[in-house]
file coords.csv (CSV, C-alpha atoms)
chain,number,residue,atom,x,y,z
G,458,MET,CA,168.3,-89.0,-155.7
G,459,LYS,CA,169.0,-91.0,-152.6
G,460,LYS,CA,172.4,-89.3,-152.2
G,461,ILE,CA,170.8,-85.9,-152.4
G,462,ALA,CA,168.3,-86.9,-149.7
G,463,TYR,CA,171.3,-87.9,-147.5
G,464,LEU,CA,173.0,-84.7,-148.1
G,465,ALA,CA,169.9,-82.7,-147.3
G,466,GLY,CA,169.6,-84.7,-144.0
G,467,ALA,CA,173.2,-83.9,-143.2
G,468,ALA,CA,172.7,-80.2,-143.9
G,469,ALA,CA,169.7,-80.1,-141.6
G,470,ALA,CA,171.7,-81.8,-138.9
G,471,ILE,CA,174.4,-79.2,-139.2
G,472,ALA,CA,171.9,-76.4,-139.2
G,473,PHE,CA,170.4,-77.7,-135.9
G,474,ALA,CA,173.8,-78.2,-134.3
G,475,GLY,CA,174.9,-74.7,-135.3
G,476,THR,CA,171.9,-72.8,-134.1
G,477,ALA,CA,172.0,-70.7,-130.9
G,478,ASP,CA,169.4,-73.1,-129.3
G,479,ALA,CA,171.8,-76.0,-129.4
G,480,GLN,CA,173.1,-75.6,-125.8
G,481,LEU,CA,172.2,-77.0,-122.4
G,482,VAL,CA,169.2,-75.7,-120.7
G,483,ASN,CA,170.1,-73.7,-117.5
G,484,THR,CA,167.5,-74.1,-114.7
G,485,LYS,CA,167.1,-73.6,-111.0
G,486,ASP,CA,165.2,-76.2,-109.0
G,487,LEU,CA,163.9,-76.5,-105.5
G,488,SER,CA,166.2,-78.0,-102.8
G,489,VAL,CA,164.8,-80.6,-100.4
G,490,ASP,CA,165.0,-78.1,-97.5
G,491,MET,CA,163.0,-75.5,-99.4
G,492,ALA,CA,160.4,-78.0,-100.5
G,493,VAL,CA,160.0,-79.4,-96.9
G,494,THR,CA,159.7,-75.8,-95.6
G,495,ILE,CA,156.9,-75.0,-98.1
G,496,ALA,CA,155.0,-78.2,-97.3
G,497,THR,CA,155.3,-78.0,-93.5
G,498,THR,CA,154.4,-74.3,-93.4
G,499,ALA,CA,151.3,-75.0,-95.5
G,500,VAL,CA,150.2,-77.9,-93.2
G,501,GLN,CA,150.9,-76.0,-90.0
G,502,THR,CA,149.2,-72.8,-91.2
G,503,CYS,CA,146.0,-74.7,-91.9
G,504,LYS,CA,146.3,-76.6,-88.6
G,505,ALA,CA,146.6,-73.2,-86.8
G,506,GLN,CA,143.3,-72.3,-88.4
G,507,GLY,CA,141.7,-75.5,-87.3
G,508,TYR,CA,142.0,-77.4,-90.6
G,509,ASN,CA,143.8,-80.7,-91.1
G,510,VAL,CA,145.1,-80.8,-94.6
G,511,SER,CA,147.4,-82.9,-96.8
G,512,ALA,CA,150.0,-81.3,-99.0
G,513,HIS,CA,152.2,-82.0,-102.0
G,514,VAL,CA,155.2,-80.1,-103.3
G,515,LEU,CA,156.1,-81.1,-106.9
G,516,GLY,CA,159.2,-80.2,-108.8
G,517,ARG,CA,159.7,-78.9,-112.3
G,518,ALA,CA,158.8,-82.2,-114.0
G,519,GLY,CA,155.8,-82.8,-111.8
G,520,GLU,CA,157.8,-85.2,-109.7
G,521,VAL,CA,156.9,-85.5,-106.0
G,522,LEU,CA,159.4,-83.7,-103.8
G,523,VAL,CA,157.4,-83.8,-100.6
G,524,ALA,CA,154.1,-85.5,-99.8
G,525,MET,CA,152.4,-85.1,-96.5
G,526,ARG,CA,149.2,-86.8,-95.3
G,527,GLY,CA,147.4,-84.7,-92.7
G,528,ASP,CA,146.1,-86.0,-89.4
G,529,ASP,CA,142.6,-87.4,-89.6
G,530,THR,CA,142.2,-86.4,-93.2
G,531,GLY,CA,140.2,-88.4,-95.7
G,532,PRO,CA,142.3,-90.5,-98.2
G,533,GLN,CA,141.1,-88.2,-101.0
G,534,THR,CA,143.0,-85.2,-99.6
G,535,PHE,CA,146.4,-86.8,-100.2
G,536,GLU,CA,145.6,-87.5,-103.9
G,537,ASN,CA,143.8,-84.2,-104.4
G,538,SER,CA,146.7,-82.2,-103.0
G,539,MET,CA,149.0,-83.9,-105.5
G,540,LYS,CA,146.6,-83.2,-108.4
G,541,LYS,CA,146.0,-79.6,-107.5
G,542,ALA,CA,149.8,-79.1,-107.4
G,543,TRP,CA,150.2,-81.0,-110.7
G,544,THR,CA,147.5,-78.8,-112.3
G,545,ALA,CA,149.2,-75.6,-111.1
G,546,ARG,CA,152.6,-76.8,-112.3
G,547,ALA,CA,151.2,-77.9,-115.7
G,548,GLN,CA,149.5,-74.6,-116.4
G,549,ARG,CA,152.0,-72.4,-114.5
G,550,ALA,CA,149.0,-70.9,-112.8
G,551,PRO,CA,146.8,-71.3,-109.7
G,552,SER,CA,144.7,-74.5,-110.0
G,553,LEU,CA,141.7,-72.1,-109.5
G,554,ASN,CA,142.3,-70.9,-113.1
G,555,PHE,CA,141.7,-74.4,-114.4
G,556,ALA,CA,138.6,-74.8,-112.2
G,557,ASN,CA,137.2,-71.6,-113.8
G,558,ALA,CA,138.2,-72.8,-117.3
G,559,VAL,CA,136.3,-76.1,-116.8
G,560,LYS,CA,133.2,-74.2,-115.7
G,561,GLN,CA,133.3,-72.4,-119.0
G,562,ASN,CA,134.0,-75.5,-121.0
G,563,PRO,CA,133.4,-78.9,-119.2
G,564,THR,CA,135.0,-80.8,-122.1
G,565,VAL,CA,138.3,-78.8,-122.2
G,566,GLY,CA,141.0,-81.2,-123.4
G,567,ALA,CA,143.2,-81.1,-120.3
G,568,ILE,CA,140.4,-82.6,-118.2
G,569,HIS,CA,141.2,-85.9,-119.7
G,570,LEU,CA,144.8,-86.0,-118.3
G,571,SER,CA,145.2,-88.2,-115.2
G,572,ASN,CA,146.3,-85.5,-112.9
G,573,MET,CA,144.4,-82.4,-113.8
G,574,VAL,CA,141.8,-81.4,-111.3
G,575,PRO,CA,139.5,-78.4,-111.5
G,576,ALA,CA,139.8,-77.4,-107.8
G,577,GLN,CA,141.3,-74.4,-106.0
G,578,GLY,CA,144.2,-75.0,-103.7
G,579,GLY,CA,147.3,-75.4,-105.9
G,580,LEU,CA,149.8,-72.7,-106.7
G,581,PRO,CA,152.8,-72.7,-109.0
G,582,ILE,CA,156.2,-72.0,-107.4
G,583,MET,CA,157.8,-69.3,-109.6
G,584,ILE,CA,161.1,-67.7,-110.1
G,585,GLY,CA,160.1,-64.8,-112.2
G,586,MET,CA,158.3,-66.3,-115.2
G,587,ASP,CA,159.7,-69.8,-114.6
G,588,ALA,CA,157.5,-72.4,-112.9
G,589,ILE,CA,160.0,-74.5,-111.0
G,590,GLY,CA,157.3,-76.5,-109.2
G,591,ALA,CA,154.0,-76.2,-107.4
G,592,VAL,CA,152.4,-76.8,-104.0
G,593,GLY,CA,148.9,-78.3,-103.5
G,594,VAL,CA,146.8,-78.4,-100.4
G,595,SER,CA,143.6,-80.2,-99.7
G,596,GLY,CA,141.4,-80.7,-96.6
G,597,ALA,CA,140.3,-77.3,-95.6
G,598,PRO,CA,136.6,-76.4,-96.0
G,599,GLY,CA,137.0,-74.5,-99.2
G,600,GLY,CA,139.6,-74.3,-101.9
G,601,ASP,CA,140.2,-70.6,-101.0
G,602,LYS,CA,141.4,-71.7,-97.5
G,603,ASP,CA,143.6,-74.5,-99.0
G,604,GLU,CA,145.1,-71.9,-101.3
G,605,ALA,CA,145.8,-69.5,-98.5
G,606,CYS,CA,147.8,-72.2,-96.7
G,607,ALA,CA,149.7,-73.0,-100.0
G,608,LYS,CA,150.5,-69.4,-100.3
G,609,ALA,CA,151.8,-69.2,-96.8
G,610,GLY,CA,154.2,-72.0,-97.6
G,611,ILE,CA,155.5,-70.2,-100.7
G,612,ASP,CA,155.7,-66.9,-98.9
G,613,LYS,CA,157.9,-68.5,-96.2
G,614,VAL,CA,160.7,-69.1,-98.8
G,615,ALA,CA,160.0,-66.1,-101.0
G,616,ALA,CA,163.4,-64.6,-100.3
G,617,MET,CA,165.1,-67.8,-101.8
G,618,LEU,CA,163.0,-67.8,-105.0
G,619,LYS,CA,165.3,-65.8,-107.2
J,782,MET,CA,115.3,-130.1,-99.2
J,783,SER,CA,113.7,-127.8,-101.8
J,784,ILE,CA,115.6,-124.8,-103.0
J,785,THR,CA,113.5,-122.6,-100.7
J,786,GLU,CA,114.3,-124.8,-97.7
J,787,TYR,CA,118.0,-124.5,-98.5
J,788,ARG,CA,117.7,-120.7,-98.7
J,789,LEU,CA,115.8,-120.6,-95.3
J,790,ALA,CA,118.5,-122.8,-93.8
J,791,GLY,CA,121.2,-120.5,-95.2
J,792,VAL,CA,119.5,-117.4,-93.7
J,793,ALA,CA,119.1,-119.1,-90.4
J,794,LEU,CA,122.7,-120.1,-90.3
J,795,ALA,CA,123.9,-116.7,-91.3
J,796,GLY,CA,121.8,-115.2,-88.6
J,797,ALA,CA,123.2,-117.5,-86.0
J,798,LEU,CA,126.7,-116.7,-87.0
J,799,ALA,CA,126.1,-113.0,-87.0
J,800,THR,CA,124.7,-113.3,-83.5
J,801,ALA,CA,127.6,-115.3,-82.4
J,802,PHE,CA,130.1,-112.7,-83.8
J,803,ALA,CA,128.2,-109.8,-82.4
J,804,SER,CA,128.1,-111.2,-79.0
J,805,GLY,CA,131.7,-112.3,-78.9
J,806,ALA,CA,134.2,-110.5,-76.7
J,807,GLY,CA,136.1,-109.5,-79.8
J,808,ALA,CA,133.2,-107.6,-81.2
J,809,GLN,CA,134.4,-104.1,-80.3
J,810,LEU,CA,136.2,-101.3,-81.9
J,811,LEU,CA,140.0,-101.5,-82.2
J,812,THR,CA,141.9,-98.8,-80.4
J,813,HIS,CA,145.4,-97.9,-81.4
J,814,LYS,CA,147.9,-95.1,-81.8
J,815,ASP,CA,149.0,-93.7,-85.1
J,816,LEU,CA,151.7,-91.3,-86.3
J,817,SER,CA,150.7,-87.7,-86.6
J,818,VAL,CA,152.0,-85.8,-89.7
J,819,ALA,CA,154.1,-83.6,-87.3
J,820,THR,CA,155.8,-86.6,-85.7
J,821,ALA,CA,156.3,-88.3,-89.1
J,822,THR,CA,157.8,-85.2,-90.5
J,823,GLU,CA,160.2,-84.8,-87.6
J,824,ILE,CA,161.4,-88.4,-88.1
J,825,ALA,CA,161.9,-87.9,-91.8
J,826,THR,CA,163.6,-84.5,-91.6
J,827,THR,CA,165.9,-85.6,-88.7
J,828,ALA,CA,167.0,-88.7,-90.7
J,829,ILE,CA,167.8,-86.6,-93.8
J,830,ALA,CA,169.6,-83.9,-91.8
J,831,THR,CA,171.6,-86.6,-89.9
J,832,CYS,CA,172.8,-88.2,-93.2
J,833,LYS,CA,173.5,-84.7,-94.6
J,834,GLN,CA,175.8,-84.0,-91.6
J,835,GLN,CA,177.7,-87.1,-92.5
J,836,GLY,CA,178.0,-86.0,-96.1
J,837,TYR,CA,175.2,-88.1,-97.6
J,838,SER,CA,172.2,-86.9,-99.6
J,839,VAL,CA,169.3,-89.3,-98.9
J,840,SER,CA,165.6,-89.5,-99.7
J,841,ALA,CA,163.1,-90.7,-97.0
J,842,HIS,CA,159.7,-92.2,-96.6
J,843,VAL,CA,157.6,-92.6,-93.4
J,844,LEU,CA,154.8,-95.0,-93.8
J,845,GLY,CA,151.9,-95.5,-91.5
J,846,ARG,CA,150.2,-98.6,-90.1
J,847,GLU,CA,148.7,-99.7,-93.4
J,848,GLY,CA,151.8,-99.0,-95.4
J,849,GLN,CA,150.3,-95.7,-96.5
J,850,VAL,CA,152.6,-92.7,-97.2
J,851,VAL,CA,152.5,-90.3,-94.3
J,852,VAL,CA,155.5,-88.3,-95.4
J,853,ALA,CA,157.6,-88.7,-98.5
J,854,ILE,CA,160.7,-86.6,-99.2
J,855,ARG,CA,162.6,-86.7,-102.5
J,856,ASN,CA,166.1,-85.3,-102.2
J,857,PRO,CA,167.0,-83.8,-105.6
J,858,ALA,CA,170.7,-84.1,-104.6
J,859,ALA,CA,170.4,-87.9,-104.3
J,860,GLY,CA,169.9,-90.3,-107.2
J,861,PHE,CA,166.3,-90.6,-108.4
J,862,ALA,CA,166.0,-94.2,-107.5
J,863,THR,CA,166.4,-93.3,-103.8
J,864,PHE,CA,162.9,-92.0,-103.6
J,865,GLU,CA,161.3,-95.4,-104.7
J,866,ASN,CA,163.9,-97.4,-102.7
J,867,SER,CA,163.2,-95.5,-99.4
J,868,MET,CA,159.5,-96.3,-99.8
J,869,LYS,CA,160.1,-99.9,-100.5
J,870,LYS,CA,162.5,-100.3,-97.6
J,871,ALA,CA,160.0,-98.8,-95.3
J,872,TYR,CA,157.2,-101.0,-96.7
J,873,THR,CA,159.4,-104.1,-96.1
J,874,ALA,CA,160.2,-103.0,-92.5
J,875,ARG,CA,156.5,-102.3,-91.8
J,876,ALA,CA,155.4,-105.6,-93.4
J,877,THR,CA,157.9,-107.8,-91.6
J,878,ARG,CA,157.8,-105.7,-88.4
J,879,ALA,CA,161.6,-105.8,-88.4
J,880,PRO,CA,164.5,-103.9,-90.0
J,881,SER,CA,164.6,-104.3,-93.7
J,882,GLY,CA,168.2,-105.5,-93.4
J,883,LYS,CA,166.9,-108.6,-91.6
J,884,PHE,CA,164.7,-109.5,-94.6
J,885,ALA,CA,167.7,-108.9,-96.8
J,886,GLU,CA,169.7,-111.4,-94.7
J,887,GLN,CA,166.9,-113.9,-94.8
J,888,VAL,CA,166.4,-114.0,-98.6
J,889,LYS,CA,170.1,-114.0,-99.4
J,890,GLY,CA,170.6,-116.8,-102.0
J,891,ASN,CA,166.8,-117.1,-102.5
J,892,PRO,CA,166.0,-114.8,-105.5
J,893,ASN,CA,162.5,-116.4,-105.8
J,894,ALA,CA,161.4,-115.7,-102.2
J,895,ALA,CA,157.6,-115.4,-102.3
J,896,GLN,CA,157.8,-111.8,-101.0
J,897,PHE,CA,159.5,-110.7,-104.2
J,898,PHE,CA,156.3,-111.4,-106.0
J,899,LEU,CA,154.7,-108.6,-104.0
J,900,ALA,CA,155.2,-105.1,-105.5
J,901,ASN,CA,157.0,-103.3,-102.6
J,902,TYR,CA,159.4,-105.7,-100.9
J,903,VAL,CA,163.0,-104.9,-101.3
J,904,ALA,CA,166.0,-106.8,-99.9
J,905,ALA,CA,168.0,-103.9,-98.7
J,906,GLN,CA,169.0,-102.5,-95.4
J,907,GLY,CA,168.0,-98.9,-94.4
J,908,ALA,CA,164.6,-99.1,-92.9
J,909,LEU,CA,163.2,-99.6,-89.4
J,910,PRO,CA,159.8,-100.2,-88.0
J,911,ILE,CA,158.3,-97.5,-85.8
J,912,MET,CA,157.1,-99.2,-82.6
J,913,VAL,CA,154.9,-98.3,-79.7
J,914,GLY,CA,155.8,-101.1,-77.3
J,915,ASN,CA,155.1,-104.2,-79.4
J,916,ASP,CA,152.8,-102.5,-81.8
J,917,VAL,CA,154.2,-101.5,-85.2
J,918,ILE,CA,152.6,-98.2,-86.1
J,919,GLY,CA,154.7,-97.5,-89.2
J,920,ALA,CA,158.2,-97.5,-90.6
J,921,ILE,CA,160.9,-95.2,-91.9
J,922,GLY,CA,163.0,-96.0,-94.9
J,923,ILE,CA,166.2,-94.2,-96.1
J,924,SER,CA,168.1,-94.5,-99.3
J,925,GLY,CA,171.1,-92.7,-100.7
J,926,ALA,CA,174.0,-93.2,-98.4
J,927,PRO,CA,176.9,-95.4,-99.5
J,928,GLY,CA,175.7,-98.5,-97.6
J,929,GLY,CA,172.5,-99.7,-96.1
J,930,ASP,CA,174.1,-99.6,-92.6
J,931,LYS,CA,174.5,-95.8,-93.0
J,932,ASP,CA,171.0,-95.4,-94.3
J,933,GLU,CA,169.7,-97.4,-91.3
J,934,ALA,CA,171.8,-95.3,-88.8
J,935,CYS,CA,170.0,-92.1,-90.1
J,936,ALA,CA,166.6,-93.8,-89.9
J,937,LYS,CA,167.4,-94.7,-86.3
J,938,ALA,CA,168.4,-91.1,-85.6
J,939,GLY,CA,164.9,-90.1,-86.8
J,940,ILE,CA,163.1,-92.5,-84.6
J,941,ASP,CA,165.3,-91.7,-81.6
J,942,LYS,CA,164.4,-88.0,-82.0
J,943,VAL,CA,160.8,-88.7,-81.2
J,944,ALA,CA,161.3,-91.6,-78.9
J,945,ALA,CA,159.6,-89.8,-76.0
J,946,GLN,CA,156.4,-89.5,-78.1
J,947,LEU,CA,156.3,-93.2,-79.1
J,948,ARG,CA,154.2,-94.5,-76.2

call {"tool": "encode", "arguments": {"input": "coords.csv", "output": "structure tokens"}}
result
Amino acid sequence: MKKIAYLAGAAAAIAFAGTADAQLVNTKDLSVDMAVTIATTAVQTCKAQGYNVSAHVLGRAGEVLVAMRGDDTGPQTFENSMKKAWTARAQRAPSLNFANAVKQNPTVGAIHLSNMVPAQGGLPIMIGMDAIGAVGVSGAPGGDKDEACAKAGIDKVAAMLK
Amino acid sequence: MSITEYRLAGVALAGALATAFASGAGAQLLTHKDLSVATATEIATTAIATCKQQGYSVSAHVLGREGQVVVAIRNPAAGFATFENSMKKAYTARATRAPSGKFAEQVKGNPNAAQFFLANYVAAQGALPIMVGNDVIGAIGISGAPGGDKDEACAKAGIDKVAAQLR
């Protein structure tokens, strides 16, 4: 019986190794130059509108690529910009979507993760359907204004997102 | 003295001290200069670009007066440890108000130096304090070049770029 179990295990291993999925994953990721351009454009766009904001650009795994603390911003904006970006990356959607989802269901499971925040101002950075990262902005008087600056950052590098 | 008397004495003493502090010449707001995000970004990006010209991919941190992150840049082309290391080098430079390489020299042969019991000290060259006169307003740390001296040269290029603003 034991032998048969071993054999079954070996057969399963071979089946996995032989499937079409058993190959390396091919991905594109943000370069440091693109990430810096997105963040600085977002911060400058808001500054031009009279708002001091902090910004985070996160990569595919939610790792920090660029973090910027805005002039004269409250300490919460730095954290919040990270969490907005993390939320957008996690859900591959604007963080506004999560804000709306939490309105509908305040006990939605994802609210218990450390870095999810139900606040507008984070956008995923997409190549087609692939979320390669996200940008989050915090500090403007209104999440819509934060999001507009985040969008300006992504728009600046749109030509390279392919 | 009864308990009440002790309490009254305590209140009187506290009041006297408060008055003394309030009327001291030191009782006024502190005035100092701090990095703007624009200046900090220019320092960091100049440092990264300088190292890139020399063929090195590096990550960078610019910390402010309290050691807080003002700008952090991870270079995906550099090793992942460079992000943390650039922060810790900068922290070390800010804390000691000196190049992090100097701390590295000082603790050579002393693996139990007290500073190592703090979370963010690192005995590695590659960070410089950002000064306005004798005031340390922050620090920049670089990691990723093959040698702390090369990291430090890029950090210096970043500070040099904004030297005119540092006054």

call {"tool": "residues_near_point", "arguments": {"input": "coords.csv", "point": "(145.1, -77.4, -103.4)", "cutoff": "8 Å", "atoms": "only C-alpha atoms", "output": "PDB file with C-alpha atoms, keeping the file's coordinate frame"}}
result
ATOM      1  CA  ALA G 512     150.000 -81.300 -99.000  1.00  0.00           C
ATOM      2  CA  ASN G 537     143.800 -84.200-104.400  1.00  0.00           C
ATOM      3  CA  SER G 538     146.700 -82.200-103.000  1.00  0.00           C
ATOM      4  CA  MET G 539     149.000 -83.900-105.500  1.00  0.00           C
ATOM      5  CA  LYS G 540     146.600 -83.200-108.400  1.00  0.00           C
ATOM      6  CA  LYS G 541     146.000 -79.600-107.500  1.00  0.00           C
ATOM      7  CA  ALA G 542     149.800 -79.100-107.400  1.00  0.00           C
ATOM      8  CA  SER G 552     144.700 -74.500-110.000  1.00  0.00           C
ATOM      9  CA  ALA G 576     139.800 -77.400-107.800  1.00  0.00           C
ATOM     10  CA  GLN G 577     141.300 -74.400-106.000  1.00  0.00           C
ATOM     11  CA  GLY G 578     144.200 -75.000-103.700  1.00  0.00           C
ATOM     12  CA  GLY G 579     147.300 -75.400-105.900  1.00  0.00           C
ATOM     13  CA  LEU G 580     149.800 -72.700-106.700  1.00  0.00           C
ATOM     14  CA  VAL G 592     152.400 -76.800-104.000  1.00  0.00           C
ATOM     15  CA  GLY G 593     148.900 -78.300-103.500  1.00  0.00           C
ATOM     16  CA  VAL G 594     146.800 -78.400-100.400  1.00  0.00           C
ATOM     17  CA  SER G 595     143.600 -80.200 -99.700  1.00  0.00           C
ATOM     18  CA  GLY G 600     139.600 -74.300-101.900  1.00  0.00           C
ATOM     19  CA  ASP G 603     143.600 -74.500 -99.000  1.00  0.00           C
ATOM     20  CA  GLU G 604     145.100 -71.900-101.300  1.00  0.00           C
ATOM     21  CA  ALA G 607     149.700 -73.000-100.000  1.00  0.00           C
TER      22      ALA G 607
END

call {"tool": "closest_residue", "arguments": {"input": "coords.csv", "among": "J:Ala900, J:Ala862, J:Val943, J:Gly929", "to": "Ala819 in chain J", "atoms": "all atoms listed in the file"}}
result
J:Val943

call {"tool": "closest_residue", "arguments": {"input": "coords.csv", "among": "G:Lys602, G:Lys619, G:Arg517, G:Lys608", "to": "chain J", "atoms": "all atoms listed in the file"}}
result
G:Arg517

call {"tool": "atom_distance", "arguments": {"input": "coords.csv", "atom1": "CA of Val839 in chain J", "atom2": "CA of Ala859 in chain J"}}
result
5.7 Å

call {"tool": "closest_atom_pairs", "arguments": {"input": "coords.csv", "of": "chain G", "to": "chain J", "cutoff": "6 Å", "atoms": "all atoms listed in the file", "output": "tab-separated table"}}
result
residue	atom	partner	partner_atom	distance
G:Val489	CA	J:Asn856	CA	5.2
G:Leu522	CA	J:Arg855	CA	4.6
G:Val523	CA	J:Ile854	CA	4.5
G:Ala524	CA	J:Ala853	CA	4.9
G:Met525	CA	J:Val852	CA	4.6
G:Arg526	CA	J:Val851	CA	4.9
G:Gly527	CA	J:Val818	CA	5.6
G:Asp528	CA	J:Ser817	CA	5.6

call {"tool": "atom_distance", "arguments": {"input": "coords.csv", "atom1": "CA of Tyr837 in chain J", "atom2": "CA of Ala926 in chain J"}}
result
5.3 Å

call {"tool": "closest_residue", "arguments": {"input": "coords.csv", "among": "J:Gly914, J:Gly836, J:Gly925, J:Gly939", "to": "His813 in chain J", "atoms": "all atoms listed in the file"}}
result
J:Gly914

call {"tool": "residues_around", "arguments": {"input": "coords.csv", "residues": "Thr530 in chain G", "least_positions_apart": "2", "cutoff": "7 Å", "atoms": "all atoms listed in the file", "output": "ChimeraX atom specification"}}
result
/G:509-510,527-528,532,534,596

call {"tool": "residues_near_point", "arguments": {"input": "coords.csv", "point": "(161.0, -103.1, -104.8)", "cutoff": "9 Å", "atoms": "all atoms listed in the file", "output": "VMD selection string"}}
result
chain J and resid 865 to 866 868 to 870 873 897 899 to 904

call {"tool": "atom_distance", "arguments": {"input": "coords.csv", "atom1": "CA of Ile611 in chain G", "atom2": "CA of Ser571 in chain G"}}
result
25.3 Å
